[in-house]
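Text of the file protein.tsv, holding TSV, C-alpha atoms:
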chain	number	residue	atom	x	y	z
A	1	MET	CA	-13.48	-25.32	14.21
A	2	THR	CA	-12.12	-22.25	16.01
A	3	ALA	CA	-13.30	-18.72	15.25
A	4	HIS	CA	-9.92	-18.04	13.63
A	5	GLU	CA	-10.42	-21.00	11.31
A	6	LYS	CA	-13.96	-19.89	10.48
A	7	PHE	CA	-12.86	-16.41	9.40
A	8	MET	CA	-9.83	-17.76	7.51
A	9	ARG	CA	-12.09	-20.18	5.61
A	10	MET	CA	-14.20	-17.17	4.57
A	11	ALA	CA	-11.08	-15.44	3.24
A	12	ILE	CA	-10.01	-18.62	1.43
A	13	ALA	CA	-13.49	-19.01	-0.07
A	14	LEU	CA	-13.24	-15.46	-1.44
A	15	SER	CA	-9.85	-16.24	-2.99
A	16	ARG	CA	-11.20	-19.39	-4.63
A	17	GLN	CA	-14.41	-17.82	-5.92
A	18	ASN	CA	-12.42	-14.96	-7.46
A	19	VAL	CA	-10.56	-17.43	-9.67
A	20	GLU	CA	-13.59	-19.62	-10.39
A	21	GLN	CA	-15.61	-16.58	-11.47
A	22	GLY	CA	-12.74	-15.20	-13.56
A	23	ALA	CA	-12.91	-11.99	-11.54
A	24	GLY	CA	-9.28	-11.73	-10.50
A	25	GLY	CA	-6.33	-13.11	-8.55
A	26	PRO	CA	-6.58	-15.83	-5.88
A	27	PHE	CA	-6.68	-13.59	-2.84
A	28	GLY	CA	-9.34	-12.84	-0.22
A	29	ALA	CA	-9.44	-10.94	3.06
A	30	VAL	CA	-11.88	-10.54	5.94
A	31	ILE	CA	-11.75	-7.95	8.74
A	32	VAL	CA	-13.29	-8.83	12.09
A	33	LYS	CA	-14.09	-6.70	15.14
A	34	ASN	CA	-15.46	-8.14	18.39
A	35	GLY	CA	-16.18	-11.46	16.68
A	36	LYS	CA	-18.14	-9.92	13.82
A	37	VAL	CA	-17.16	-9.47	10.17
A	38	VAL	CA	-17.06	-5.77	9.29
A	39	ALA	CA	-15.65	-6.04	5.76
A	40	GLN	CA	-14.52	-8.59	3.20
A	41	SER	CA	-13.05	-8.40	-0.28
A	42	ALA	CA	-11.35	-10.44	-2.96
A	43	ASN	CA	-8.57	-9.01	-5.11
A	44	GLN	CA	-10.06	-6.45	-7.52
A	45	VAL	CA	-6.99	-5.21	-9.44
A	46	VAL	CA	-8.21	-6.24	-12.89
A	47	ALA	CA	-11.94	-5.83	-12.22
A	48	GLU	CA	-11.45	-2.25	-10.97
A	49	ASN	CA	-8.41	-1.23	-13.06
A	50	ASP	CA	-6.69	-0.45	-9.76
A	51	PRO	CA	-3.24	-1.89	-8.96
A	52	THR	CA	-3.77	-1.00	-5.29
A	53	ALA	CA	-7.00	-3.03	-5.01
A	54	HIS	CA	-5.46	-6.05	-3.31
A	55	ALA	CA	-7.87	-7.96	-1.07
A	56	GLU	CA	-6.38	-6.48	2.12
A	57	ILE	CA	-6.36	-2.85	0.90
A	58	SER	CA	-9.93	-3.15	-0.37
A	59	ALA	CA	-11.10	-4.77	2.88
A	60	ILE	CA	-9.38	-2.03	4.94
A	61	ARG	CA	-11.02	0.70	2.87
A	62	LEU	CA	-14.41	-0.98	3.21
A	63	ALA	CA	-14.02	-1.51	6.97
A	64	CYS	CA	-13.11	2.15	7.49
A	65	LYS	CA	-16.11	3.23	5.42
A	66	GLN	CA	-18.35	0.85	7.35
A	67	LEU	CA	-17.12	2.03	10.77
A	68	GLY	CA	-16.59	5.71	9.83
A	69	VAL	CA	-12.98	5.70	11.05
A	70	TYR	CA	-9.43	5.74	9.67
A	71	ASP	CA	-8.05	3.64	12.49
A	72	LEU	CA	-8.93	-0.07	12.77
A	73	ASN	CA	-7.52	-0.52	16.25
A	74	GLY	CA	-9.34	-3.50	17.80
A	75	CYS	CA	-9.74	-5.28	14.45
A	76	THR	CA	-8.08	-8.41	13.06
A	77	ILE	CA	-7.51	-9.22	9.39
A	78	TYR	CA	-7.71	-12.74	7.98
A	79	THR	CA	-6.04	-12.95	4.58
A	80	SER	CA	-5.64	-15.96	2.33
A	81	CYS	CA	-2.02	-14.95	1.65
A	82	GLU	CA	0.75	-13.22	3.60
A	83	PRO	CA	0.35	-9.50	2.86
A	84	CYS	CA	2.70	-7.93	0.31
A	85	PRO	CA	4.67	-4.82	1.43
A	86	MET	CA	1.91	-2.51	0.18
A	87	CYS	CA	-0.74	-4.34	2.19
A	88	LEU	CA	1.42	-4.85	5.29
A	89	GLY	CA	2.19	-1.14	5.20
A	90	ALA	CA	-1.54	-0.43	5.05
A	91	ILE	CA	-2.10	-2.80	7.99
A	92	TYR	CA	0.36	-0.75	10.07
A	93	TRP	CA	-1.16	2.57	9.03
A	94	ALA	CA	-4.65	1.22	9.82
A	95	LYS	CA	-3.38	-0.01	13.22
A	96	LEU	CA	-4.93	-3.46	12.95
A	97	ASP	CA	-4.25	-5.69	15.98
A	98	ALA	CA	-3.33	-8.92	14.23
A	99	VAL	CA	-2.86	-10.64	10.88
A	100	TYR	CA	-3.83	-14.26	10.24
A	101	TYR	CA	-2.56	-15.48	6.86
A	102	ALA	CA	-2.58	-18.81	5.01
A	103	ASN	CA	-0.34	-18.93	1.91
A	104	SER	CA	3.12	-17.35	2.18
A	105	LYS	CA	4.86	-14.76	-0.01
A	106	ILE	CA	6.97	-17.65	-1.36
A	107	ASP	CA	3.78	-19.49	-2.34
A	108	ALA	CA	2.65	-16.29	-4.12
A	109	SER	CA	5.97	-16.05	-5.97
A	110	SER	CA	5.59	-19.64	-7.14
A	111	ILE	CA	2.40	-18.76	-9.02
A	112	GLY	CA	3.83	-15.60	-10.58
A	113	PHE	CA	3.21	-12.76	-8.11
A	114	ASP	CA	5.96	-10.26	-7.19
A	115	ASP	CA	5.38	-10.17	-3.41
A	116	ASN	CA	8.77	-11.57	-2.43
A	117	PHE	CA	10.61	-9.55	-5.07
A	118	ILE	CA	9.10	-6.34	-3.70
A	119	TYR	CA	10.11	-7.28	-0.14
A	120	GLU	CA	13.67	-7.70	-1.42
A	121	GLU	CA	13.58	-4.39	-3.29
A	122	LEU	CA	12.50	-2.45	-0.18
A	123	GLY	CA	15.56	-3.71	1.68
A	124	LYS	CA	17.97	-2.48	-1.01
A	125	GLN	CA	19.77	0.85	-1.31
A	126	PHE	CA	18.12	3.20	-3.78
A	127	HIS	CA	20.69	2.81	-6.56
A	128	GLN	CA	20.28	-0.99	-6.44
A	129	ARG	CA	16.50	-0.94	-6.90
A	130	ARG	CA	14.77	-1.74	-10.18
A	131	VAL	CA	12.69	1.45	-10.00
A	132	LYS	CA	14.72	4.62	-10.47
A	133	MET	CA	14.70	6.87	-7.38
A	134	VAL	CA	15.97	10.46	-7.38
A	135	GLN	CA	15.89	13.04	-4.56
A	136	LEU	CA	15.05	16.61	-5.60
A	137	LEU	CA	14.22	19.96	-3.92
A	138	ARG	CA	14.22	18.65	-0.33
A	139	ASN	CA	14.76	22.15	1.07
A	140	GLU	CA	11.58	23.41	-0.60
A	141	ALA	CA	9.53	20.42	0.58
A	142	LEU	CA	10.69	20.81	4.18
A	143	VAL	CA	8.69	24.03	4.38
A	144	ALA	CA	5.43	22.02	4.35
A	145	PHE	CA	6.79	19.67	7.03
A	146	LYS	CA	7.62	22.65	9.22
A	147	LEU	CA	4.13	24.07	8.67
A	148	TRP	CA	2.68	20.72	9.82
A	149	LYS	CA	4.97	20.49	12.84
A	150	ASP	CA	4.07	24.02	13.93
A	151	SER	CA	0.32	23.70	13.25
A	152	GLU	CA	-1.79	23.65	16.39
A	153	SER	CA	-5.01	22.60	14.62
A	154	LYS	CA	-3.78	19.48	12.83
A	155	THR	CA	-5.42	16.04	13.09
A	156	GLY	CA	-2.69	13.43	13.54
A	157	TYR	CA	-3.09	9.94	12.04
B	1	MET	CA	13.81	25.18	-14.07
B	2	THR	CA	13.88	21.62	-15.43
B	3	ALA	CA	10.69	19.63	-16.11
B	4	HIS	CA	11.53	17.45	-13.09
B	5	GLU	CA	11.69	20.54	-10.89
B	6	LYS	CA	8.42	21.86	-12.34
B	7	PHE	CA	6.52	18.67	-11.50
B	8	MET	CA	8.15	18.37	-8.08
B	9	ARG	CA	7.13	21.94	-7.25
B	10	MET	CA	3.54	20.96	-8.10
B	11	ALA	CA	3.77	18.03	-5.65
B	12	ILE	CA	5.30	20.29	-3.00
B	13	ALA	CA	2.56	22.89	-3.53
B	14	LEU	CA	-0.07	20.18	-2.95
B	15	SER	CA	1.65	19.15	0.28
B	16	ARG	CA	1.75	22.72	1.51
B	17	GLN	CA	-1.83	23.58	0.54
B	18	ASN	CA	-3.07	20.45	2.34
B	19	VAL	CA	-1.69	21.78	5.63
B	20	GLU	CA	-2.67	25.40	5.00
B	21	GLN	CA	-6.25	24.35	4.24
B	22	GLY	CA	-6.39	22.00	7.25
B	23	ALA	CA	-7.27	19.16	4.88
B	24	GLY	CA	-4.61	16.66	5.94
B	25	GLY	CA	-0.96	15.68	6.14
B	26	PRO	CA	1.88	17.51	4.33
B	27	PHE	CA	2.16	15.20	1.36
B	28	GLY	CA	1.48	15.63	-2.36
B	29	ALA	CA	2.09	13.54	-5.48
B	30	VAL	CA	1.88	14.10	-9.24
B	31	ILE	CA	1.97	11.42	-11.96
B	32	VAL	CA	3.32	12.36	-15.39
B	33	LYS	CA	3.25	10.55	-18.73
B	34	ASN	CA	4.97	11.87	-21.85
B	35	GLY	CA	5.51	15.25	-20.20
B	36	LYS	CA	1.87	15.70	-19.20
B	37	VAL	CA	0.26	15.47	-15.75
B	38	VAL	CA	-2.26	12.60	-15.67
B	39	ALA	CA	-3.12	12.69	-11.95
B	40	GLN	CA	-2.32	14.58	-8.76
B	41	SER	CA	-3.38	14.23	-5.15
B	42	ALA	CA	-2.60	15.39	-1.66
B	43	ASN	CA	-2.86	13.06	1.35
B	44	GLN	CA	-6.55	12.33	2.05
B	45	VAL	CA	-6.39	9.96	5.04
B	46	VAL	CA	-8.40	12.13	7.42
B	47	ALA	CA	-10.57	13.83	4.79
B	48	GLU	CA	-11.66	10.46	3.32
B	49	ASN	CA	-11.48	8.29	6.47
B	50	ASP	CA	-9.12	6.05	4.54
B	51	PRO	CA	-5.72	5.06	5.99
B	52	THR	CA	-4.60	3.97	2.51
B	53	ALA	CA	-5.29	7.40	0.96
B	54	HIS	CA	-1.68	8.59	0.96
B	55	ALA	CA	-0.86	11.07	-1.81
B	56	GLU	CA	0.92	8.42	-3.93
B	57	ILE	CA	-1.81	5.76	-3.61
B	58	SER	CA	-4.54	8.29	-4.40
B	59	ALA	CA	-2.59	9.62	-7.40
B	60	ILE	CA	-1.99	6.07	-8.70
B	61	ARG	CA	-5.67	5.24	-8.39
B	62	LEU	CA	-6.64	8.45	-10.18
B	63	ALA	CA	-4.09	7.94	-12.96
B	64	CYS	CA	-5.34	4.39	-13.58
B	65	LYS	CA	-8.92	5.64	-13.69
B	66	GLN	CA	-7.91	8.46	-16.05
B	67	LEU	CA	-6.00	6.16	-18.40
B	68	GLY	CA	-8.27	3.10	-18.04
B	69	VAL	CA	-5.39	0.80	-17.12
B	70	TYR	CA	-3.97	-0.98	-14.08
B	71	ASP	CA	-0.37	-0.64	-15.27
B	72	LEU	CA	1.35	2.76	-15.27
B	73	ASN	CA	4.36	1.66	-17.29
B	74	GLY	CA	5.77	4.77	-18.98
B	75	CYS	CA	4.74	7.05	-16.10
B	76	THR	CA	6.84	8.86	-13.47
B	77	ILE	CA	5.68	9.88	-9.99
B	78	TYR	CA	6.82	13.06	-8.26
B	79	THR	CA	6.16	12.90	-4.54
B	80	SER	CA	6.94	15.49	-1.90
B	81	CYS	CA	8.24	12.75	0.43
B	82	GLU	CA	9.99	9.41	-0.03
B	83	PRO	CA	7.21	6.82	-0.37
B	84	CYS	CA	6.39	4.70	2.69
B	85	PRO	CA	6.43	0.88	2.23
B	86	MET	CA	2.71	0.87	1.35
B	87	CYS	CA	3.21	3.46	-1.39
B	88	LEU	CA	6.50	2.05	-2.66
B	89	GLY	CA	4.80	-1.35	-2.89
B	90	ALA	CA	1.99	0.26	-4.89
B	91	ILE	CA	4.60	1.92	-7.16
B	92	TYR	CA	6.05	-1.52	-7.95
B	93	TRP	CA	2.63	-3.08	-8.56
B	94	ALA	CA	1.68	-0.16	-10.81
B	95	LYS	CA	4.99	-0.57	-12.67
B	96	LEU	CA	5.87	3.12	-12.64
B	97	ASP	CA	9.20	3.91	-14.33
B	98	ALA	CA	10.69	6.31	-11.80
B	99	VAL	CA	10.17	8.04	-8.45
B	100	TYR	CA	11.31	11.61	-7.76
B	101	TYR	CA	10.99	12.48	-4.08
B	102	ALA	CA	11.90	15.48	-1.92
B	103	ASN	CA	11.69	14.90	1.85
B	104	SER	CA	13.07	11.60	3.18
B	105	LYS	CA	11.50	8.96	5.43
B	106	ILE	CA	13.74	10.29	8.21
B	107	ASP	CA	12.31	13.79	7.66
B	108	ALA	CA	8.82	12.22	7.91
B	109	SER	CA	9.73	10.49	11.17
B	110	SER	CA	10.95	13.77	12.60
B	111	ILE	CA	7.45	15.27	12.28
B	112	GLY	CA	5.68	12.23	13.73
B	113	PHE	CA	4.97	9.85	10.83
B	114	ASP	CA	5.74	6.11	11.04
B	115	ASP	CA	7.35	5.65	7.61
B	116	ASN	CA	10.79	4.64	8.89
B	117	PHE	CA	9.35	2.46	11.66
B	118	ILE	CA	7.29	0.51	9.11
B	119	TYR	CA	10.37	0.02	6.89
B	120	GLU	CA	12.14	-1.46	9.93
B	121	GLU	CA	9.17	-3.69	10.80
B	122	LEU	CA	9.05	-5.20	7.29
B	123	GLY	CA	12.65	-6.32	7.64
B	124	LYS	CA	11.99	-8.17	10.91
B	125	GLN	CA	11.04	-11.78	11.50
B	126	PHE	CA	7.35	-12.25	12.19
B	127	HIS	CA	7.69	-12.88	15.93
B	128	GLN	CA	9.68	-9.64	16.32
B	129	ARG	CA	7.06	-7.41	14.66
B	130	ARG	CA	4.71	-5.17	16.60
B	131	VAL	CA	1.69	-6.55	14.75
B	132	LYS	CA	0.85	-10.16	15.62
B	133	MET	CA	1.21	-12.52	12.62
B	134	VAL	CA	-0.08	-16.10	12.64
B	135	GLN	CA	-0.12	-18.64	9.79
B	136	LEU	CA	-3.24	-20.80	9.50
B	137	LEU	CA	-4.77	-23.31	7.05
B	138	ARG	CA	-2.10	-22.95	4.33
B	139	ASN	CA	-3.03	-26.31	2.79
B	140	GLU	CA	-6.61	-25.17	2.24
B	141	ALA	CA	-5.54	-21.84	0.74
B	142	LEU	CA	-3.10	-23.49	-1.67
B	143	VAL	CA	-6.11	-24.94	-3.52
B	144	ALA	CA	-6.99	-21.47	-4.86
B	145	PHE	CA	-3.36	-20.90	-5.87
B	146	LYS	CA	-3.38	-24.18	-7.82
B	147	LEU	CA	-6.65	-23.18	-9.51
B	148	TRP	CA	-5.02	-19.90	-10.59
B	149	LYS	CA	-1.85	-21.61	-11.80
B	150	ASP	CA	-3.85	-24.10	-13.87
B	151	SER	CA	-6.34	-21.55	-15.24
B	152	GLU	CA	-5.95	-20.89	-18.96
B	153	SER	CA	-8.27	-17.87	-19.01
B	154	LYS	CA	-6.66	-15.75	-16.29
B	155	THR	CA	-5.56	-12.14	-16.73
B	156	GLY	CA	-2.12	-11.71	-15.13
B	157	TYR	CA	-1.20	-8.41	-13.46
Could you show the structure in this file as structure tokens?
Amino acid sequence: MTAHEKFMRMAIALSRQNVEQGAGGPFGAVIVKNGKVVAQSANQVVAENDPTAHAEISAIRLACKQLGVYDLNGCTIYTSCEPCPMCLGAIYWAKLDAVYYANSKIDASSIGFDDNFIYEELGKQFHQRRVKMVQLLRNEALVAFKLWKDSESKTGY
Amino acid sequence: MTAHEKFMRMAIALSRQNVEQGAGGPFGAVIVKNGKVVAQSANQVVAENDPTAHAEISAIRLACKQLGVYDLNGCTIYTSCEPCPMCLGAIYWAKLDAVYYANSKIDASSIGFDDNFIYEELGKQFHQRRVKMVQLLRNEALVAFKLWKDSESKTGY
């Protein structure tokens, strides 16, 4: 068994236990740095009343807390399912090196999760999306962007 | 001033204060239900060491905590910038009714944020993405999906 398989089996075990224990959806994620697990989580949406508490988001938040950073450069995530757009976005923001996944977004769709639908929505023009999107007061908001651009004391991320 | 403009100006004020106070990036979000504000947040990535703590994600988490739900059906989000893929994904999972935004993802790119880059990455095939993606052990992970599908006591979300 390779190290990749070992960590993926941990993520899969989390996904399975979550269902068996009635705690939440069948998803688990493990974050590894230098061959050591730094964080792991199952999906906690229902348990925590938090629609953002997918396994990957929760594991990223825990790993950052554990390491005292907001940048997981040098880390790899093992997730029992291909990340949804929310989680893949978080993976980019967190600057993880690599994603190992097991089930696909199509597998997730087949058991009732919206992962693939959301990927399709993100590729659409605003007026074609299910959620209503309206632009408003851009000129006023640009003032804050200019403040940021001109700031010499900012911490980029 | 319309109600939409009033709530957007609150989001813009949060974005501006965040820069002025040196607390973080120029982003703010407000969530409204039945004409009342239920949650508001600025970007807290650096302040909280949490790469997922964008204004929208933080506001969604606060609104769910405030209302004791994981579904924000009936709510509208006002955000000072077009949501990135992570936040737009969260908006779909949270089932918000509508998104009012001010600055665009292109405006965000122009001051150094990766929003537009991440949108482009999500549309690419896996081997073309900057982050390495590898599928592994799907057959083992499908067992948890089957458990979920067959479970009669699950709480869907």
Next item on the list: Tell me the residues of chain B close to chain A, meaning within 7 Å using all atoms listed in the file, as JSON, numbers by chain.
Entry: {"B": [12, 15, 16, 19, 22, 26, 45, 46, 49, 50, 51, 52, 61, 64, 65, 68, 69, 70, 80, 85, 86, 87, 89, 90, 93, 94, 97, 98, 99, 100, 101, 102, 103, 111, 118, 131, 132, 133, 134, 135, 136, 137, 138, 141, 142, 144, 145, 147, 148, 149, 154]}
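Here atom CA of B:Ser41 and atom CA of B:Glu56 stand 7.3 Å from one another.
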Please, can I see chain B fitted onto chain A by all in-order Cα atoms (least squares), as an mmCIF file with C-alpha atoms, keeping the file's coordinate frame?
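Written output follows (selection_7.cif):
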data_model
loop_
_atom_site.group_PDB
_atom_site.id
_atom_site.type_symbol
_atom_site.label_atom_id
_atom_site.label_comp_id
_atom_site.auth_asym_id
_atom_site.auth_seq_id
_atom_site.Cartn_x
_atom_site.Cartn_y
_atom_site.Cartn_z
ATOM 1 C CA MET B 1 -13.468 -25.302 14.185
ATOM 2 C CA THR B 2 -12.105 -22.251 16.018
ATOM 3 C CA ALA B 3 -13.298 -18.704 15.249
ATOM 4 C CA HIS B 4 -9.908 -18.027 13.627
ATOM 5 C CA GLU B 5 -10.409 -20.996 11.315
ATOM 6 C CA LYS B 6 -13.968 -19.890 10.507
ATOM 7 C CA PHE B 7 -12.859 -16.419 9.406
ATOM 8 C CA MET B 8 -9.848 -17.767 7.520
ATOM 9 C CA ARG B 9 -12.088 -20.179 5.612
ATOM 10 C CA MET B 10 -14.201 -17.173 4.577
ATOM 11 C CA ALA B 11 -11.063 -15.440 3.241
ATOM 12 C CA ILE B 12 -9.998 -18.622 1.448
ATOM 13 C CA ALA B 13 -13.472 -19.014 -0.076
ATOM 14 C CA LEU B 14 -13.231 -15.456 -1.445
ATOM 15 C CA SER B 15 -9.845 -16.239 -2.988
ATOM 16 C CA ARG B 16 -11.179 -19.371 -4.625
ATOM 17 C CA GLN B 17 -14.407 -17.812 -5.906
ATOM 18 C CA ASN B 18 -12.411 -14.951 -7.456
ATOM 19 C CA VAL B 19 -10.562 -17.428 -9.679
ATOM 20 C CA GLU B 20 -13.587 -19.625 -10.373
ATOM 21 C CA GLN B 21 -15.605 -16.586 -11.463
ATOM 22 C CA GLY B 22 -12.730 -15.208 -13.569
ATOM 23 C CA ALA B 23 -12.909 -11.992 -11.549
ATOM 24 C CA GLY B 24 -9.258 -11.734 -10.523
ATOM 25 C CA GLY B 25 -6.329 -13.091 -8.548
ATOM 26 C CA PRO B 26 -6.593 -15.837 -5.887
ATOM 27 C CA PHE B 27 -6.680 -13.595 -2.853
ATOM 28 C CA GLY B 28 -9.339 -12.839 -0.237
ATOM 29 C CA ALA B 29 -9.429 -10.933 3.055
ATOM 30 C CA VAL B 30 -11.893 -10.543 5.931
ATOM 31 C CA ILE B 31 -11.751 -7.946 8.728
ATOM 32 C CA VAL B 32 -13.292 -8.818 12.095
ATOM 33 C CA LYS B 33 -14.082 -6.702 15.151
ATOM 34 C CA ASN B 34 -15.446 -8.149 18.388
ATOM 35 C CA GLY B 35 -16.173 -11.462 16.676
ATOM 36 C CA LYS B 36 -18.149 -9.917 13.820
ATOM 37 C CA VAL B 37 -17.167 -9.464 10.162
ATOM 38 C CA VAL B 38 -17.033 -5.746 9.294
ATOM 39 C CA ALA B 39 -15.626 -6.031 5.754
ATOM 40 C CA GLN B 40 -14.511 -8.601 3.197
ATOM 41 C CA SER B 41 -13.034 -8.399 -0.275
ATOM 42 C CA ALA B 42 -11.351 -10.434 -2.950
ATOM 43 C CA ASN B 43 -8.561 -9.003 -5.124
ATOM 44 C CA GLN B 44 -10.050 -6.433 -7.536
ATOM 45 C CA VAL B 45 -6.988 -5.208 -9.461
ATOM 46 C CA VAL B 46 -8.206 -6.231 -12.908
ATOM 47 C CA ALA B 47 -11.934 -5.836 -12.228
ATOM 48 C CA GLU B 48 -11.457 -2.248 -10.960
ATOM 49 C CA ASN B 49 -8.412 -1.224 -13.044
ATOM 50 C CA ASP B 50 -6.696 -0.432 -9.767
ATOM 51 C CA PRO B 51 -3.247 -1.875 -8.953
ATOM 52 C CA THR B 52 -3.789 -0.990 -5.282
ATOM 53 C CA ALA B 53 -7.018 -3.028 -5.028
ATOM 54 C CA HIS B 54 -5.469 -6.051 -3.322
ATOM 55 C CA ALA B 55 -7.870 -7.969 -1.075
ATOM 56 C CA GLU B 56 -6.379 -6.481 2.127
ATOM 57 C CA ILE B 57 -6.367 -2.856 0.908
ATOM 58 C CA SER B 58 -9.934 -3.149 -0.384
ATOM 59 C CA ALA B 59 -11.098 -4.758 2.876
ATOM 60 C CA ILE B 60 -9.380 -2.031 4.942
ATOM 61 C CA ARG B 61 -11.014 0.687 2.876
ATOM 62 C CA LEU B 62 -14.419 -0.969 3.220
ATOM 63 C CA ALA B 63 -14.035 -1.501 6.970
ATOM 64 C CA CYS B 64 -13.099 2.160 7.486
ATOM 65 C CA LYS B 65 -16.092 3.245 5.423
ATOM 66 C CA GLN B 66 -18.351 0.869 7.370
ATOM 67 C CA LEU B 67 -17.104 2.048 10.764
ATOM 68 C CA GLY B 68 -16.556 5.719 9.834
ATOM 69 C CA VAL B 69 -12.959 5.718 11.055
ATOM 70 C CA TYR B 70 -9.430 5.740 9.651
ATOM 71 C CA ASP B 71 -8.035 3.625 12.493
ATOM 72 C CA LEU B 72 -8.926 -0.069 12.767
ATOM 73 C CA ASN B 73 -7.511 -0.541 16.249
ATOM 74 C CA GLY B 74 -9.332 -3.505 17.804
ATOM 75 C CA CYS B 75 -9.739 -5.274 14.448
ATOM 76 C CA THR B 76 -8.074 -8.422 13.063
ATOM 77 C CA ILE B 77 -7.516 -9.229 9.384
ATOM 78 C CA TYR B 78 -7.714 -12.743 7.966
ATOM 79 C CA THR B 79 -6.039 -12.944 4.581
ATOM 80 C CA SER B 80 -5.634 -15.955 2.333
ATOM 81 C CA CYS B 81 -2.007 -14.965 1.632
ATOM 82 C CA GLU B 82 0.751 -13.227 3.582
ATOM 83 C CA PRO B 83 0.338 -9.503 2.866
ATOM 84 C CA CYS B 84 2.688 -7.926 0.312
ATOM 85 C CA PRO B 85 4.663 -4.822 1.438
ATOM 86 C CA MET B 86 1.896 -2.507 0.174
ATOM 87 C CA CYS B 87 -0.750 -4.335 2.204
ATOM 88 C CA LEU B 88 1.417 -4.864 5.278
ATOM 89 C CA GLY B 89 2.197 -1.137 5.204
ATOM 90 C CA ALA B 90 -1.537 -0.422 5.041
ATOM 91 C CA ILE B 91 -2.092 -2.812 7.990
ATOM 92 C CA TYR B 92 0.361 -0.758 10.070
ATOM 93 C CA TRP B 93 -1.184 2.566 9.039
ATOM 94 C CA ALA B 94 -4.656 1.216 9.827
ATOM 95 C CA LYS B 95 -3.367 -0.007 13.208
ATOM 96 C CA LEU B 96 -4.928 -3.455 12.952
ATOM 97 C CA ASP B 97 -4.227 -5.678 15.975
ATOM 98 C CA ALA B 98 -3.331 -8.925 14.234
ATOM 99 C CA VAL B 99 -2.855 -10.640 10.869
ATOM 100 C CA TYR B 100 -3.834 -14.267 10.233
ATOM 101 C CA TYR B 101 -2.563 -15.475 6.867
ATOM 102 C CA ALA B 102 -2.569 -18.796 5.006
ATOM 103 C CA ASN B 103 -0.348 -18.930 1.900
ATOM 104 C CA SER B 104 3.115 -17.351 2.171
ATOM 105 C CA LYS B 105 4.866 -14.775 -0.019
ATOM 106 C CA ILE B 106 6.975 -17.650 -1.361
ATOM 107 C CA ASP B 107 3.783 -19.508 -2.339
ATOM 108 C CA ALA B 108 2.660 -16.299 -4.114
ATOM 109 C CA SER B 109 5.962 -16.066 -5.982
ATOM 110 C CA SER B 110 5.596 -19.649 -7.129
ATOM 111 C CA ILE B 111 2.396 -18.769 -9.024
ATOM 112 C CA GLY B 112 3.825 -15.608 -10.587
ATOM 113 C CA PHE B 113 3.203 -12.755 -8.127
ATOM 114 C CA ASP B 114 5.943 -10.262 -7.177
ATOM 115 C CA ASP B 115 5.368 -10.169 -3.405
ATOM 116 C CA ASN B 116 8.763 -11.588 -2.426
ATOM 117 C CA PHE B 117 10.607 -9.551 -5.062
ATOM 118 C CA ILE B 118 9.090 -6.330 -3.694
ATOM 119 C CA TYR B 119 10.090 -7.290 -0.126
ATOM 120 C CA GLU B 120 13.663 -7.708 -1.400
ATOM 121 C CA GLU B 121 13.573 -4.391 -3.281
ATOM 122 C CA LEU B 122 12.489 -2.453 -0.169
ATOM 123 C CA GLY B 123 15.548 -3.699 1.682
ATOM 124 C CA LYS B 124 17.953 -2.469 -1.011
ATOM 125 C CA GLN B 125 19.757 0.837 -1.319
ATOM 126 C CA PHE B 126 18.114 3.202 -3.772
ATOM 127 C CA HIS B 127 20.688 2.797 -6.549
ATOM 128 C CA GLN B 128 20.264 -1.000 -6.421
ATOM 129 C CA ARG B 129 16.472 -0.951 -6.880
ATOM 130 C CA ARG B 130 14.768 -1.751 -10.160
ATOM 131 C CA VAL B 131 12.703 1.435 -9.991
ATOM 132 C CA LYS B 132 14.725 4.626 -10.471
ATOM 133 C CA MET B 133 14.700 6.867 -7.360
ATOM 134 C CA VAL B 134 15.971 10.453 -7.386
ATOM 135 C CA GLN B 135 15.882 13.039 -4.579
ATOM 136 C CA LEU B 136 15.038 16.607 -5.599
ATOM 137 C CA LEU B 137 14.224 19.950 -3.924
ATOM 138 C CA ARG B 138 14.214 18.645 -0.325
ATOM 139 C CA ASN B 139 14.747 22.146 1.084
ATOM 140 C CA GLU B 140 11.582 23.403 -0.596
ATOM 141 C CA ALA B 141 9.526 20.423 0.578
ATOM 142 C CA LEU B 142 10.695 20.791 4.181
ATOM 143 C CA VAL B 143 8.676 24.027 4.369
ATOM 144 C CA ALA B 144 5.419 22.027 4.341
ATOM 145 C CA PHE B 145 6.797 19.678 7.007
ATOM 146 C CA LYS B 146 7.628 22.670 9.225
ATOM 147 C CA LEU B 147 4.125 24.076 8.676
ATOM 148 C CA TRP B 148 2.669 20.734 9.814
ATOM 149 C CA LYS B 149 4.967 20.502 12.831
ATOM 150 C CA ASP B 150 4.053 24.027 13.938
ATOM 151 C CA SER B 151 0.313 23.691 13.248
ATOM 152 C CA GLU B 152 -1.816 23.648 16.394
ATOM 153 C CA SER B 153 -5.015 22.589 14.619
ATOM 154 C CA LYS B 154 -3.783 19.459 12.839
ATOM 155 C CA THR B 155 -5.413 16.038 13.103
ATOM 156 C CA GLY B 156 -2.676 13.413 13.545
ATOM 157 C CA TYR B 157 -3.111 9.941 12.036
#
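Between atom CA of B:Ala39 and atom CA of B:Ala59 the interatomic distance comes to 5.5 Å.
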Margin query: Using Å and a single decimal, report how far atom CA of B:Gln40 sits from atom CA of B:Asn73.
Written below: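 Rounded to one decimal, the two atoms are 16.9 Å apart.
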Next item on the list: For each of B:Ile106, B:Asn116, B:Glu152, B:Phe7, take the minimum atom-to-atom distance to B:Lys33, counting all atoms listed in the file, then give the residue where this is smallest.
Entry: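 Under the stated criterion, the closest residue is B:Phe7.
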